[in-house]
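One structure below.
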Amino acid sequence: EMCIRDSNYGAWFILILLMKNFMKNFLTRKLLPDDIDLLARQQLHDYKNRRPGNCFADPDFEMDIQSAYKLQDAVAKLRQEEGDTVAGYKIGCIGGDIKTQFGIEGPVRGTLFLSELFRDGEGLNSESFANLAVEAEMAFSLLDGGQIDRIFPVIELHNLVFRGLKKSLPELIANNCINAGVVVPTNEVENVTEASEITLQINEQRYSTNEIWPINNTPNGSLGWLQKNLKSYALSAKSGHMVLAGTSLGLYPVKAGDTVTVFLNGKAMVKCNVH
C-alpha cells in the first residue's frame, strides 16, 4: 500500500513539473494569431480597469517587437468594434530625455483614439488613469494624400506603468506606448519655425526645448517614419488623422491639484487641470 501511495505521489510530482514546463514554453514561444486575440482581450480589459499590461508582470512572459505591434493593433481593432474611432498615431521613445529616463530607444508607434481626445482647459480625473504622466510635444493633422495640414502643440497623457523586470520596447509597444489620451488646443498656431521653443509647465516648474522635431528636425521626418512603420503592418494614416511627432523633453508624473500648460514661443497654447 505504501509503495502504491508513493508511486501516486511520484506521478503527481512529474505531472506538475510537466505542466510547469509546458506553461513556460507556452509563454515564451513565438505567439500565434490565436494567442494575440486572447491577449488583446485581456489587455483591453486591464486597460479599462486601470491595470495596464498585467501580462508583463510574469517574469517568464516574452514578446518580440513584431508581436507587440500585432497585439497593439488587435486591441485597436477591438476598440473600434466597440464603437471607438482611430484619431491618429503617436511617435514615442525618441528624445534624449526619454531615452535616459527609460533606458530604451525608439522610435515606436502608438494609436490615438477619438474617445481620449480632451479639450483645452478640460479637467482630468487622476483616478481615471494609472500613474498619470504628461509630455509636451508638437503634433500635426493630415490632408488627403498624407500631406501635413495644421501644426500645433499638445499635452500627451500617459499611464506611466512598466511591469517587466526591465523596461523594454515590446512592453512599451504592446501597451500602446503607454498613451492614455491627448489634450488638444483650440487656438491656431502661427510662425512655427526650426527655432521655435516648446515649454511644459507643471504648476511653477518649467521644462523647455527648441528641438521641437526629433526626427531630422522637421515634421516630415516624423511623418515619413510613421508611414513606413504603418505600411509594415498593413495600416495607413488617413485624412484628418492627428500625428504626435515625438518630443525631446521628458515624461513627468502629475497628481490631483496640478495644472499643466504647454507654451509655444512663450505663448500659452493648451492647458489642463488635474483633480
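Going through the C-alpha cells in order, the chains are called A, B, and so on, while each chain numbers its residues from 1 and the ligands are numbered from 1 in the order shown.
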Could you produce a table of the residues of region 101-192 of chain A lying within 12 Å of region 215-223 of chain A, with the nearest pair of atoms per residue and their separation in Å rounded to one decimal, using only C-alpha atoms, ordered by chain and increasing residue number, as JSON lines?
{"residue": "A:Gly106", "atom": "CA", "partner": "A:Ile215", "partner_atom": "CA", "distance": 11.1}
{"residue": "A:Pro107", "atom": "CA", "partner": "A:Ile215", "partner_atom": "CA", "distance": 9.2}
{"residue": "A:Val108", "atom": "CA", "partner": "A:Ser222", "partner_atom": "CA", "distance": 10.9}
{"residue": "A:Arg109", "atom": "CA", "partner": "A:Ser222", "partner_atom": "CA", "distance": 10.5}
{"residue": "A:Glu137", "atom": "CA", "partner": "A:Pro219", "partner_atom": "CA", "distance": 11.5}
{"residue": "A:Met138", "atom": "CA", "partner": "A:Pro219", "partner_atom": "CA", "distance": 8.6}
{"residue": "A:Ala139", "atom": "CA", "partner": "A:Pro219", "partner_atom": "CA", "distance": 8.3}
{"residue": "A:Phe140", "atom": "CA", "partner": "A:Pro219", "partner_atom": "CA", "distance": 8.0}
{"residue": "A:Ser141", "atom": "CA", "partner": "A:Leu223", "partner_atom": "CA", "distance": 10.4}
{"residue": "A:Leu142", "atom": "CA", "partner": "A:Leu223", "partner_atom": "CA", "distance": 9.7}
{"residue": "A:Gly146", "atom": "CA", "partner": "A:Leu223", "partner_atom": "CA", "distance": 8.5}
{"residue": "A:Gln147", "atom": "CA", "partner": "A:Asn220", "partner_atom": "CA", "distance": 9.1}
{"residue": "A:Ile148", "atom": "CA", "partner": "A:Asn220", "partner_atom": "CA", "distance": 8.1}
{"residue": "A:Asp149", "atom": "CA", "partner": "A:Pro219", "partner_atom": "CA", "distance": 10.9}
{"residue": "A:Arg150", "atom": "CA", "partner": "A:Pro219", "partner_atom": "CA", "distance": 11.1}
{"residue": "A:Ile151", "atom": "CA", "partner": "A:Pro219", "partner_atom": "CA", "distance": 8.8}
{"residue": "A:Phe152", "atom": "CA", "partner": "A:Pro219", "partner_atom": "CA", "distance": 11.1}
{"residue": "A:Val192", "atom": "CA", "partner": "A:Pro219", "partner_atom": "CA", "distance": 10.8}
**Message:** Just want the 12 Å neighbourhood of region 248-253 of chain A, counted on only C-alpha atoms, with same-chain residues fewer than 4 positions away dropped. Output as a ChimeraX atom specification.
**Reply:** /A:91-102,107,126,129-138,155-161,178-179,197-202,205-215,217,258-260,262,274
Selected residues written out with C-alpha atoms, as a PDB file, in the first residue's frame:
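Result file again_8.pdb:
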ATOM      1  CA  ILE A  91       5.675  58.507 -32.202  1.00  0.00           C
ATOM      2  CA  GLY A  92       7.422  57.900 -28.908  1.00  0.00           C
ATOM      3  CA  CYS A  93      10.604  56.992 -27.060  1.00  0.00           C
ATOM      4  CA  ILE A  94      12.748  59.158 -29.304  1.00  0.00           C
ATOM      5  CA  GLY A  95      14.023  62.191 -27.388  1.00  0.00           C
ATOM      6  CA  GLY A  96      17.226  62.210 -25.372  1.00  0.00           C
ATOM      7  CA  ASP A  97      15.466  62.775 -22.050  1.00  0.00           C
ATOM      8  CA  ILE A  98      13.143  59.807 -22.611  1.00  0.00           C
ATOM      9  CA  LYS A  99      15.984  57.533 -23.691  1.00  0.00           C
ATOM     10  CA  THR A 100      17.826  58.403 -20.477  1.00  0.00           C
ATOM     11  CA  GLN A 101      14.676  58.088 -18.359  1.00  0.00           C
ATOM     12  CA  PHE A 102      13.618  54.662 -19.704  1.00  0.00           C
ATOM     13  CA  PRO A 107      11.156  55.323 -32.337  1.00  0.00           C
ATOM     14  CA  SER A 126      -6.383  61.474 -11.828  1.00  0.00           C
ATOM     15  CA  PHE A 129      -5.516  56.934 -15.131  1.00  0.00           C
ATOM     16  CA  ALA A 130      -2.784  54.640 -13.855  1.00  0.00           C
ATOM     17  CA  ASN A 131       0.001  56.911 -12.568  1.00  0.00           C
ATOM     18  CA  LEU A 132      -0.827  59.838 -14.853  1.00  0.00           C
ATOM     19  CA  ALA A 133       2.164  61.496 -16.524  1.00  0.00           C
ATOM     20  CA  VAL A 134       2.450  64.160 -19.234  1.00  0.00           C
ATOM     21  CA  GLU A 135       4.614  65.224 -22.154  1.00  0.00           C
ATOM     22  CA  ALA A 136       4.663  68.403 -24.236  1.00  0.00           C
ATOM     23  CA  GLU A 137       5.156  67.843 -27.940  1.00  0.00           C
ATOM     24  CA  MET A 138       4.339  69.060 -31.397  1.00  0.00           C
ATOM     25  CA  ILE A 155      -0.258  67.671 -23.935  1.00  0.00           C
ATOM     26  CA  GLU A 156       0.111  63.919 -24.260  1.00  0.00           C
ATOM     27  CA  LEU A 157      -1.285  61.857 -21.379  1.00  0.00           C
ATOM     28  CA  HIS A 158       0.233  58.561 -20.243  1.00  0.00           C
ATOM     29  CA  ASN A 159      -0.282  55.678 -17.870  1.00  0.00           C
ATOM     30  CA  LEU A 160       3.277  55.582 -16.524  1.00  0.00           C
ATOM     31  CA  VAL A 161       3.356  51.859 -15.728  1.00  0.00           C
ATOM     32  CA  ILE A 178       1.549  53.937 -22.586  1.00  0.00           C
ATOM     33  CA  ASN A 179      -0.637  56.589 -24.265  1.00  0.00           C
ATOM     34  CA  GLU A 197      10.621  76.706 -28.454  1.00  0.00           C
ATOM     35  CA  ILE A 198       8.122  74.450 -26.686  1.00  0.00           C
ATOM     36  CA  THR A 199       7.727  74.601 -22.911  1.00  0.00           C
ATOM     37  CA  LEU A 200       5.962  72.285 -20.481  1.00  0.00           C
ATOM     38  CA  GLN A 201       4.897  73.950 -17.241  1.00  0.00           C
ATOM     39  CA  ILE A 202       3.624  71.915 -14.287  1.00  0.00           C
ATOM     40  CA  GLN A 205       8.138  74.192 -12.786  1.00  0.00           C
ATOM     41  CA  ARG A 206       9.162  74.637 -16.438  1.00  0.00           C
ATOM     42  CA  TYR A 207      10.908  72.378 -18.960  1.00  0.00           C
ATOM     43  CA  SER A 208      11.829  73.805 -22.386  1.00  0.00           C
ATOM     44  CA  THR A 209      13.480  72.815 -25.657  1.00  0.00           C
ATOM     45  CA  ASN A 210      13.895  74.267 -29.141  1.00  0.00           C
ATOM     46  CA  GLU A 211      14.344  70.762 -30.591  1.00  0.00           C
ATOM     47  CA  ILE A 212      10.661  70.503 -31.417  1.00  0.00           C
ATOM     48  CA  TRP A 213      11.001  67.947 -34.267  1.00  0.00           C
ATOM     49  CA  PRO A 214      13.053  64.967 -33.026  1.00  0.00           C
ATOM     50  CA  ILE A 215      13.374  63.211 -36.411  1.00  0.00           C
ATOM     51  CA  ASN A 217      14.476  68.399 -37.338  1.00  0.00           C
ATOM     52  CA  ASP A 258      -1.597  70.063 -10.592  1.00  0.00           C
ATOM     53  CA  THR A 259      -2.036  72.470 -13.503  1.00  0.00           C
ATOM     54  CA  VAL A 260      -0.311  71.616 -16.780  1.00  0.00           C
ATOM     55  CA  VAL A 262       2.197  73.987 -22.787  1.00  0.00           C
ATOM     56  CA  VAL A 274      -5.777  67.512 -12.754  1.00  0.00           C
TER      57      VAL A 274
END
**Message:** I'd like to know which of A:Gln42, A:Asn265, A:Asn54, A:Gln227 is closest to Ala74 (chain A), using only C-alpha atoms.
**Reply:** A:Gln42
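CA of Ala40 (chain A) sits 10.1 Å away from CA of Asn175 (chain A).
Taking CA of His275 (chain A) and CA of Leu124 (chain A) as the two end points, the separation is 6.0 Å.
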**Close residues, Ala234 (chain A) itself excluded, 12 Å, only C-alpha atoms, min 4 positions apart in chain, as a ChimeraX atom specification** = /A:69-70,73,227-230
Could those selected residues go to a file with N, CA and C atoms, as a compact mmCIF listing (two decimals), in the first residue's frame?
# COMPACT_ATOMS: atom_id res chain seq x y z
N TYR A 69 3.53 44.89 -31.81
CA TYR A 69 2.72 45.73 -32.69
C TYR A 69 1.42 45.02 -33.09
N LYS A 70 1.49 43.73 -33.34
CA LYS A 70 0.28 42.98 -33.68
C LYS A 70 -0.71 43.01 -32.52
N ASP A 73 -2.30 46.50 -32.35
CA ASP A 73 -3.27 46.67 -33.42
C ASP A 73 -4.52 45.83 -33.18
N GLN A 227 4.77 56.61 -41.66
CA GLN A 227 4.19 55.97 -42.84
C GLN A 227 4.87 54.64 -43.15
N LYS A 228 6.17 54.58 -42.98
CA LYS A 228 6.90 53.34 -43.22
C LYS A 228 6.52 52.28 -42.20
N ASN A 229 6.42 52.68 -40.93
CA ASN A 229 6.03 51.72 -39.89
C ASN A 229 4.62 51.19 -40.13
N LEU A 230 3.67 52.07 -40.42
CA LEU A 230 2.29 51.65 -40.64
C LEU A 230 2.17 50.71 -41.83
**Item:** Shell around Val86 (chain A) at 12 Å using only C-alpha atoms, local window under 5 positions removed, as a PyMOL selection string
**Value:** chain A and resi 73+75-81+110-117+181+235-243
**Item:** Residues of region 91-187 of chain A in strand (DSSP E), written as a PyMOL selection string
**Value:** chain A and resi 91-92+108-113+117-119+123-124+132-142+148-159+179-184
